[in-house]
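*Asks:* Here's a structure for you.
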Amino acid sequence: MKKYDVVALGELLIDFTENGISSQGNPIFEANPGGAPCNVLAMLQKLGKKTAFIGKVGNDIFGRQLTEVVKTAGIDVTNLVTDSSVPTTLAFVHTLPGGDREFSFIRDPGADMMLRKDEIDEEILRSAKIFHFGTLSSTHEGVREATRYAIDIAKESGALISFDPNLRPPLWYSLEDARREIEYGLEKCDILKISDNEIEFMTGLTDYDKAVRKLMEKYNIKLAFATLGKNGSRAYYGDIKAECGVFKVDTIETTGAGDTFCGSALNFILEHDINRLTENDLTELLTFANGAASLITTRRGALKVMPEKEEILILISNE
């Protein structure tokens, strides 16, 4: 028996998201807890799953805020390391018309990128049904070594490997480095969640069906999800393809939408046999995951405000 449904490794940071204008005409930023891997876990916790996070924060006000928020969400923080020598990573998020975002990062260095191999608790990894990661834990040599070590331990222990490239160009010395690390993730994963811009980045194709099939065949990926923004999402499994549109909501910003989708998708996989999925299964998965992702766009931030299962079901049933 595995103790954890999902263990994730990666960045935990503060997303400073725009929240109005001051009386002096300056933008006001709200300090929202964030970081893609932990957002995924927060959604899984809302759906009743048991999760654990591996990462690092600074011994500062933001690190303490993040640790408390993650604990409150029910996520196991046994392997959340606090480091007094480096500050917690910060991201400033500018919301563009339509809800898209532009990022500015304070991460040179930031605590999340300073996690070391010798700080990883192997037993947590060995206790996971699914191990989830992205590429932001591979932008620098030390944390890259830690991430690859964690992947190997999880894989050796029989966990399914889930990967979200989560491409953020400003955090890479070069996009060729990013491409190489995404390729590494593709080689290791059983489950892939990839966005439209990442598909184009990795394949040069805008025919997403053709592009995702190409990636799945090349890297022997069992199950893939393509998230296409306002055009919904698609799932690919063997010869099966399913798709679902988005739900009509009053979008404020899109931070965490992909993570909410990913958490919902992993929840479905935990409750079904990944070796025996049907088209109906995938359509059901996409419908729920798109509903969850649509709801998170009506809120600022993600980790603290993941939707409840009942909210998602109501949105789906009213469509």
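Letters A, B, ... mark the chains of the structure tokens in the order given; residue numbers begin at 1 per chain; ligand numbers begin at 1, in order shown.
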Counting only C-alpha atoms, what is within 9 Å of A:Gly63, bar same-chain residues fewer than 6 positions away, as number ranges by chain?
*Replies:* A: 12-14, 56-57, 82, 87-89, 111
*Asks:* Output the selection as a compact mmCIF listing (two decimals), in the first residue's frame - C-alpha atoms for each residue.
*Replies:*
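Once written, part.txt looks like this:
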```
# COMPACT_ATOMS: atom_id res chain seq x y z
CA LEU A 12 6.82 27.02 -4.22
CA LEU A 13 6.67 30.79 -4.46
CA ILE A 14 4.63 33.94 -4.02
CA LYS A 56 12.49 24.63 -0.55
CA VAL A 57 11.55 28.07 0.76
CA THR A 82 13.66 25.91 4.91
CA PRO A 87 15.20 34.16 -0.07
CA THR A 88 11.89 32.68 -1.10
CA THR A 89 11.24 32.94 -4.84
CA ALA A 111 15.04 29.14 -2.59
```
*Asks:* Neighbours of A:Asp121 within 10 Å (only C-alpha atoms; same-chain residues fewer than 5 positions away dropped), as a PyMOL selection string?
*Replies:* chain A and resi 54+78-80+126+150
*Asks:* As a ChimeraX atom specification, please: the residues near A:Gly291 (cut-off 7 Å, only C-alpha atoms, same-chain neighbours under 6 positions excluded).
*Replies:* /A:247,312,315-316
*Asks:* With distances taken over only C-alpha atoms, which of A:Arg116, A:Arg148, A:His272, A:His94 is nearest to A:Glu253?
*Replies:* A:His94
*Asks:* Give me, as a JSON list (two decimals) with all heavy atoms, in the first residue's frame, all polymer residues having an atom no more than 8 Å from A:Gly256, counting only C-alpha atoms and skipping those fewer than 5 positions away in the same chain.
*Replies:*
```json
[["chain", "number", "residue", "atom", "x", "y", "z"],
["A", 36, "ALA", "N", 3.43, 25.87, -9.52],
["A", 36, "ALA", "CA", 2.61, 24.89, -10.24],
["A", 36, "ALA", "C", 2.48, 23.53, -9.55],
["A", 36, "ALA", "O", 1.37, 23.02, -9.39],
["A", 36, "ALA", "CB", 3.15, 24.72, -11.66],
["A", 39, "ASN", "N", 0.20, 23.78, -6.56],
["A", 39, "ASN", "CA", -1.18, 24.04, -7.00],
["A", 39, "ASN", "C", -1.88, 22.74, -7.38],
["A", 39, "ASN", "O", -3.05, 22.52, -7.05],
["A", 39, "ASN", "CB", -1.19, 24.98, -8.21],
["A", 39, "ASN", "CG", -0.81, 26.40, -7.86],
["A", 39, "ASN", "OD1", -0.88, 26.82, -6.70],
["A", 39, "ASN", "ND2", -0.41, 27.16, -8.86],
["A", 293, "ALA", "N", -10.85, 24.04, -14.05],
["A", 293, "ALA", "CA", -9.95, 25.06, -14.57],
["A", 293, "ALA", "C", -10.70, 26.36, -14.89],
["A", 293, "ALA", "O", -10.17, 27.45, -14.66],
["A", 293, "ALA", "CB", -9.25, 24.54, -15.82],
["A", 296, "ILE", "N", -11.30, 28.31, -11.59],
["A", 296, "ILE", "CA", -10.14, 28.97, -10.97],
["A", 296, "ILE", "C", -9.83, 30.28, -11.67],
["A", 296, "ILE", "O", -9.24, 31.19, -11.06],
["A", 296, "ILE", "CB", -8.90, 28.03, -10.96],
["A", 296, "ILE", "CG1", -7.93, 28.43, -9.83],
["A", 296, "ILE", "CG2", -8.17, 28.06, -12.29],
["A", 296, "ILE", "CD1", -8.46, 28.19, -8.45],
["A", 297, "THR", "N", -10.24, 30.45, -12.92],
["A", 297, "THR", "CA", -9.98, 31.71, -13.62],
["A", 297, "THR", "C", -10.88, 32.85, -13.14],
["A", 297, "THR", "O", -10.67, 34.00, -13.51],
["A", 297, "THR", "CB", -10.16, 31.57, -15.16],
["A", 297, "THR", "OG1", -11.56, 31.39, -15.47],
["A", 297, "THR", "CG2", -9.35, 30.42, -15.71],
["A", 301, "GLY", "N", -5.13, 34.16, -7.86],
["A", 301, "GLY", "CA", -4.33, 33.12, -7.23],
["A", 301, "GLY", "C", -4.89, 31.75, -7.53],
["A", 301, "GLY", "O", -5.79, 31.58, -8.36],
["A", 302, "ALA", "N", -4.34, 30.74, -6.83],
["A", 302, "ALA", "CA", -4.77, 29.37, -7.11],
["A", 302, "ALA", "C", -4.71, 28.49, -5.87],
["A", 302, "ALA", "O", -5.70, 27.89, -5.48],
["A", 302, "ALA", "CB", -3.91, 28.77, -8.23],
["A", 303, "LEU", "N", -3.55, 28.41, -5.24],
["A", 303, "LEU", "CA", -3.32, 27.40, -4.21],
["A", 303, "LEU", "C", -4.37, 27.47, -3.09],
["A", 303, "LEU", "O", -4.88, 26.45, -2.64],
["A", 303, "LEU", "CB", -1.91, 27.60, -3.61],
["A", 303, "LEU", "CG", -1.24, 26.38, -2.97],
["A", 303, "LEU", "CD1", 0.27, 26.60, -2.91],
["A", 303, "LEU", "CD2", -1.76, 26.09, -1.58]]
```
*Asks:* Can you tell me, as a list in words, what residues are no more than 12 Å from A:Asp108 when counting only C-alpha atoms, ignoring any on the same chain fewer than 6 positions away?
*Replies:*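 Near neighbours after the sequence-gap exclusion: Val86, Pro87, Thr88, Thr89, Leu90, Ala91, Met114, Thr139, His140, Pro170, Leu171, Trp172 and Tyr173 of chain A.
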*Asks:* Dump all heavy atoms for the selected residues as a CSV table (one decimal), in the first residue's frame?
*Replies:*
```csv
chain,number,residue,atom,x,y,z
A,86,VAL,N,19.0,31.8,1.6
A,86,VAL,CA,18.5,32.3,0.3
A,86,VAL,C,17.1,32.7,0.5
A,86,VAL,O,16.3,32.1,1.2
A,86,VAL,CB,18.7,31.1,-0.8
A,86,VAL,CG1,17.9,29.9,-0.4
A,86,VAL,CG2,18.4,31.6,-2.2
A,87,PRO,N,16.6,33.7,-0.2
A,87,PRO,CA,15.2,34.2,-0.1
A,87,PRO,C,14.2,33.3,-0.8
A,87,PRO,O,14.6,32.6,-1.8
A,87,PRO,CB,15.2,35.6,-0.6
A,87,PRO,CG,16.3,35.6,-1.7
A,87,PRO,CD,17.4,34.6,-1.1
A,88,THR,N,13.0,33.3,-0.4
A,88,THR,CA,11.9,32.7,-1.1
A,88,THR,C,11.7,33.3,-2.5
A,88,THR,O,11.8,34.5,-2.7
A,88,THR,CB,10.6,32.8,-0.3
A,88,THR,OG1,10.8,32.2,1.0
A,88,THR,CG2,9.4,32.2,-1.0
A,89,THR,N,11.4,32.5,-3.5
A,89,THR,CA,11.2,32.9,-4.8
A,89,THR,C,9.9,33.7,-5.0
A,89,THR,O,8.9,33.4,-4.4
A,89,THR,CB,11.2,31.7,-5.8
A,89,THR,OG1,12.4,31.0,-5.7
A,89,THR,CG2,11.0,32.2,-7.2
A,90,LEU,N,10.0,34.8,-5.7
A,90,LEU,CA,8.8,35.7,-5.9
A,90,LEU,C,8.6,35.8,-7.4
A,90,LEU,O,9.5,35.9,-8.2
A,90,LEU,CB,9.1,37.1,-5.3
A,90,LEU,CG,9.6,37.2,-3.9
A,90,LEU,CD1,9.8,38.6,-3.5
A,90,LEU,CD2,8.5,36.5,-3.0
A,91,ALA,N,7.3,35.9,-7.8
A,91,ALA,CA,6.9,36.2,-9.2
A,91,ALA,C,5.9,37.3,-9.2
A,91,ALA,O,4.9,37.3,-8.4
A,91,ALA,CB,6.3,34.9,-9.8
A,114,MET,N,17.4,26.0,-5.1
A,114,MET,CA,18.5,25.6,-4.4
A,114,MET,C,18.4,24.3,-3.7
A,114,MET,O,19.2,23.9,-2.8
A,114,MET,CB,18.9,26.7,-3.3
A,114,MET,CG,19.1,28.1,-3.9
A,114,MET,SD,20.4,28.1,-5.1
A,114,MET,CE,21.8,28.0,-4.1
A,139,THR,N,16.1,24.2,-14.0
A,139,THR,CA,16.7,25.3,-14.6
A,139,THR,C,18.2,25.5,-14.2
A,139,THR,O,18.9,26.2,-14.9
A,139,THR,CB,16.0,26.6,-14.3
A,139,THR,OG1,15.9,26.7,-12.8
A,139,THR,CG2,14.6,26.6,-14.8
A,140,HIS,N,18.6,24.9,-13.1
A,140,HIS,CA,19.9,25.1,-12.6
A,140,HIS,C,20.5,23.7,-12.1
A,140,HIS,O,19.7,22.8,-11.8
A,140,HIS,CB,20.0,26.1,-11.4
A,140,HIS,CG,19.6,27.5,-11.8
A,140,HIS,ND1,18.3,27.8,-12.0
A,140,HIS,CD2,20.3,28.6,-12.0
A,140,HIS,CE1,18.2,29.1,-12.4
A,140,HIS,NE2,19.4,29.6,-12.4
A,170,PRO,N,11.6,33.4,-19.3
A,170,PRO,CA,12.5,34.3,-18.5
A,170,PRO,C,13.4,33.5,-17.5
A,170,PRO,O,14.4,34.1,-17.1
A,170,PRO,CB,11.5,35.2,-17.8
A,170,PRO,CG,10.2,35.2,-18.6
A,170,PRO,CD,10.1,33.8,-19.1
A,171,LEU,N,13.0,32.3,-17.1
A,171,LEU,CA,13.8,31.6,-16.1
A,171,LEU,C,14.9,30.8,-16.7
A,171,LEU,O,15.6,30.1,-15.9
A,171,LEU,CB,12.9,30.8,-15.2
A,171,LEU,CG,11.9,31.6,-14.4
A,171,LEU,CD1,11.0,30.6,-13.6
A,171,LEU,CD2,12.6,32.5,-13.5
A,172,TRP,N,15.1,30.8,-18.0
A,172,TRP,CA,16.1,29.9,-18.6
A,172,TRP,C,17.2,30.8,-19.1
A,172,TRP,O,17.0,31.9,-19.7
A,172,TRP,CB,15.5,29.1,-19.7
A,172,TRP,CG,14.5,28.1,-19.2
A,172,TRP,CD1,13.2,28.2,-19.1
A,172,TRP,CD2,14.9,26.8,-18.8
A,172,TRP,NE1,12.7,27.1,-18.6
A,172,TRP,CE2,13.6,26.2,-18.4
A,172,TRP,CE3,16.0,26.0,-18.7
A,172,TRP,CZ2,13.6,24.8,-17.9
A,172,TRP,CZ3,16.0,24.7,-18.2
A,172,TRP,CH2,14.8,24.2,-17.8
A,173,TYR,N,18.5,30.3,-19.0
A,173,TYR,CA,19.6,31.0,-19.6
A,173,TYR,C,19.4,31.0,-21.1
A,173,TYR,O,19.8,32.0,-21.8
A,173,TYR,CB,20.9,30.3,-19.3
A,173,TYR,CG,21.3,30.5,-17.8
A,173,TYR,CD1,21.6,29.4,-17.0
A,173,TYR,CD2,21.4,31.8,-17.2
A,173,TYR,CE1,21.9,29.6,-15.7
A,173,TYR,CE2,21.7,32.0,-15.9
A,173,TYR,CZ,22.0,30.9,-15.1
A,173,TYR,OH,22.3,31.0,-13.8
```
*Asks:* Among the residues of stretch 14-204 of chain A, find those DSSP assigns to alpha helix (DSSP H) from the backbone and print them as a PyMOL selection string.
*Replies:* chain A and resi 36-46+61-72+122-126+141-156+175-188+196-203
*Asks:* Hey, what's within 10 Å of A:Glu141 if we count only C-alpha atoms and toss same-chain stuff fewer than 4 positions away? As a PyMOL selection string, please?
*Replies:* chain A and resi 113-114+116+137+145-147
*Asks:* Could you state the separation of atom CA of A:Gly110 and atom CA of A:Lys188 in Å, given to one decimal place?
*Replies:* 26.1 Å
*Asks:* Using only C-alpha atoms, pick whichever of A:Glu198, A:Glu11, A:Glu310, A:Glu18 has the shortest atom-to-atom distance to A:Phe103.
*Replies:*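 Among the listed residues, the smallest separation from A:Phe103 belongs to A:Glu18.
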*Asks:* As a VMD selection string, please: every residue in stretch 23-263 of chain A that DSSP puts in strand (DSSP E or B).
*Replies:* chain A and resid 27 to 34 51 to 58 76 to 83 90 to 95 101 to 106 128 to 134 160 to 164 191 to 195 223 to 227 233 to 237 240 to 244
*Asks:* Could you write those residues out with C-alpha atoms, as a short mmCIF file (atom, residue, chain, number, x, y, z; two decimals), in the first residue's frame?
*Replies:*
```cif
data_model
loop_
_atom_site.label_atom_id
_atom_site.label_comp_id
_atom_site.auth_asym_id
_atom_site.auth_seq_id
_atom_site.Cartn_x
_atom_site.Cartn_y
_atom_site.Cartn_z
CA PRO A 27 -0.84 49.02 -9.27
CA ILE A 28 -1.63 47.06 -6.10
CA PHE A 29 -0.20 43.53 -5.93
CA GLU A 30 -1.65 40.75 -3.77
CA ALA A 31 0.74 38.15 -2.32
CA ASN A 32 -0.85 34.88 -3.47
CA PRO A 33 0.77 31.54 -2.59
CA GLY A 34 1.66 29.67 -5.77
CA THR A 51 -0.40 14.36 -1.13
CA ALA A 52 3.13 15.44 -0.18
CA PHE A 53 5.37 18.21 -1.49
CA ILE A 54 9.16 18.29 -1.90
CA GLY A 55 10.75 21.71 -2.24
CA LYS A 56 12.49 24.63 -0.55
CA VAL A 57 11.55 28.07 0.76
CA GLY A 58 13.55 30.80 2.47
CA ASP A 76 2.37 16.88 3.79
CA VAL A 77 5.32 19.27 4.24
CA THR A 78 7.75 16.81 5.85
CA ASN A 79 10.16 17.39 2.94
CA LEU A 80 9.58 21.12 2.53
CA VAL A 81 13.05 22.46 3.38
CA THR A 82 13.66 25.91 4.91
CA ASP A 83 16.94 27.62 3.98
CA LEU A 90 8.84 35.69 -5.94
CA ALA A 91 6.89 36.18 -9.17
CA PHE A 92 5.07 39.32 -10.26
CA VAL A 93 2.17 38.60 -12.58
CA HIS A 94 0.84 41.26 -14.95
CA THR A 95 -2.61 40.40 -16.27
CA ARG A 101 -0.29 36.80 -18.12
CA GLU A 102 3.21 38.24 -18.25
CA PHE A 103 5.69 37.17 -15.54
CA SER A 104 8.62 38.90 -13.83
CA PHE A 105 10.59 36.67 -11.45
CA ILE A 106 12.79 37.48 -8.45
CA ALA A 128 3.84 7.67 -3.97
CA LYS A 129 1.35 6.25 -6.47
CA ILE A 130 2.08 9.18 -8.81
CA PHE A 131 5.11 11.48 -8.90
CA HIS A 132 4.55 14.87 -10.55
CA PHE A 133 7.13 17.45 -11.68
CA GLY A 134 7.80 20.27 -14.16
CA LEU A 160 3.43 6.64 -12.46
CA ILE A 161 5.39 9.69 -13.61
CA SER A 162 3.39 12.84 -14.43
CA PHE A 163 5.04 15.77 -16.24
CA ASP A 164 3.98 19.34 -17.04
CA ILE A 191 1.34 11.08 -18.18
CA LEU A 192 1.90 14.38 -20.01
CA LYS A 193 0.02 17.67 -19.57
CA ILE A 194 1.20 20.12 -22.23
CA SER A 195 -0.14 23.50 -23.36
CA LEU A 223 -1.58 9.31 -21.77
CA ALA A 224 -1.35 12.93 -22.89
CA PHE A 225 -3.46 16.02 -22.31
CA ALA A 226 -3.27 19.13 -24.49
CA THR A 227 -4.60 22.31 -22.88
CA SER A 233 -8.57 20.55 -23.99
CA ARG A 234 -7.91 17.20 -25.62
CA ALA A 235 -6.84 13.80 -24.34
CA TYR A 236 -4.88 11.16 -26.24
CA TYR A 237 -4.61 7.52 -25.26
CA ILE A 240 -8.40 7.23 -28.72
CA LYS A 241 -8.84 11.00 -28.78
CA ALA A 242 -11.38 12.97 -26.71
CA GLU A 243 -11.97 16.69 -26.45
CA CYS A 244 -13.99 19.18 -24.43
#
```
*Asks:* Any idea what's packed within 10 Å of stretch 199-208 of chain A, counting only C-alpha atoms, ignoring anything in its chain fewer than 5 positions away? Could you give it as a list in words?
*Replies:*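 The neighbour list is Pro165, Leu167, Leu175, Ala178, Arg179, Arg180, Ile182, Glu183, Ile194, Arg213, Lys214, Leu215, Ala226, Thr227, Leu228 and Arg234 of chain A.
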*Asks:* What is the atom CA of A:Glu279-atom CA of A:Asn318 distance in Å, reported with one decimal?
*Replies:*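 Taking atom CA of A:Glu279 and atom CA of A:Asn318, their separation equals 22.7 Å.
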*Asks:* Rounded to one decimal in Å, what is the spacing between atom CA of A:Leu266 and atom CA of A:Asp281?
*Replies:*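 Between these atoms lies a distance of 12.9 Å.
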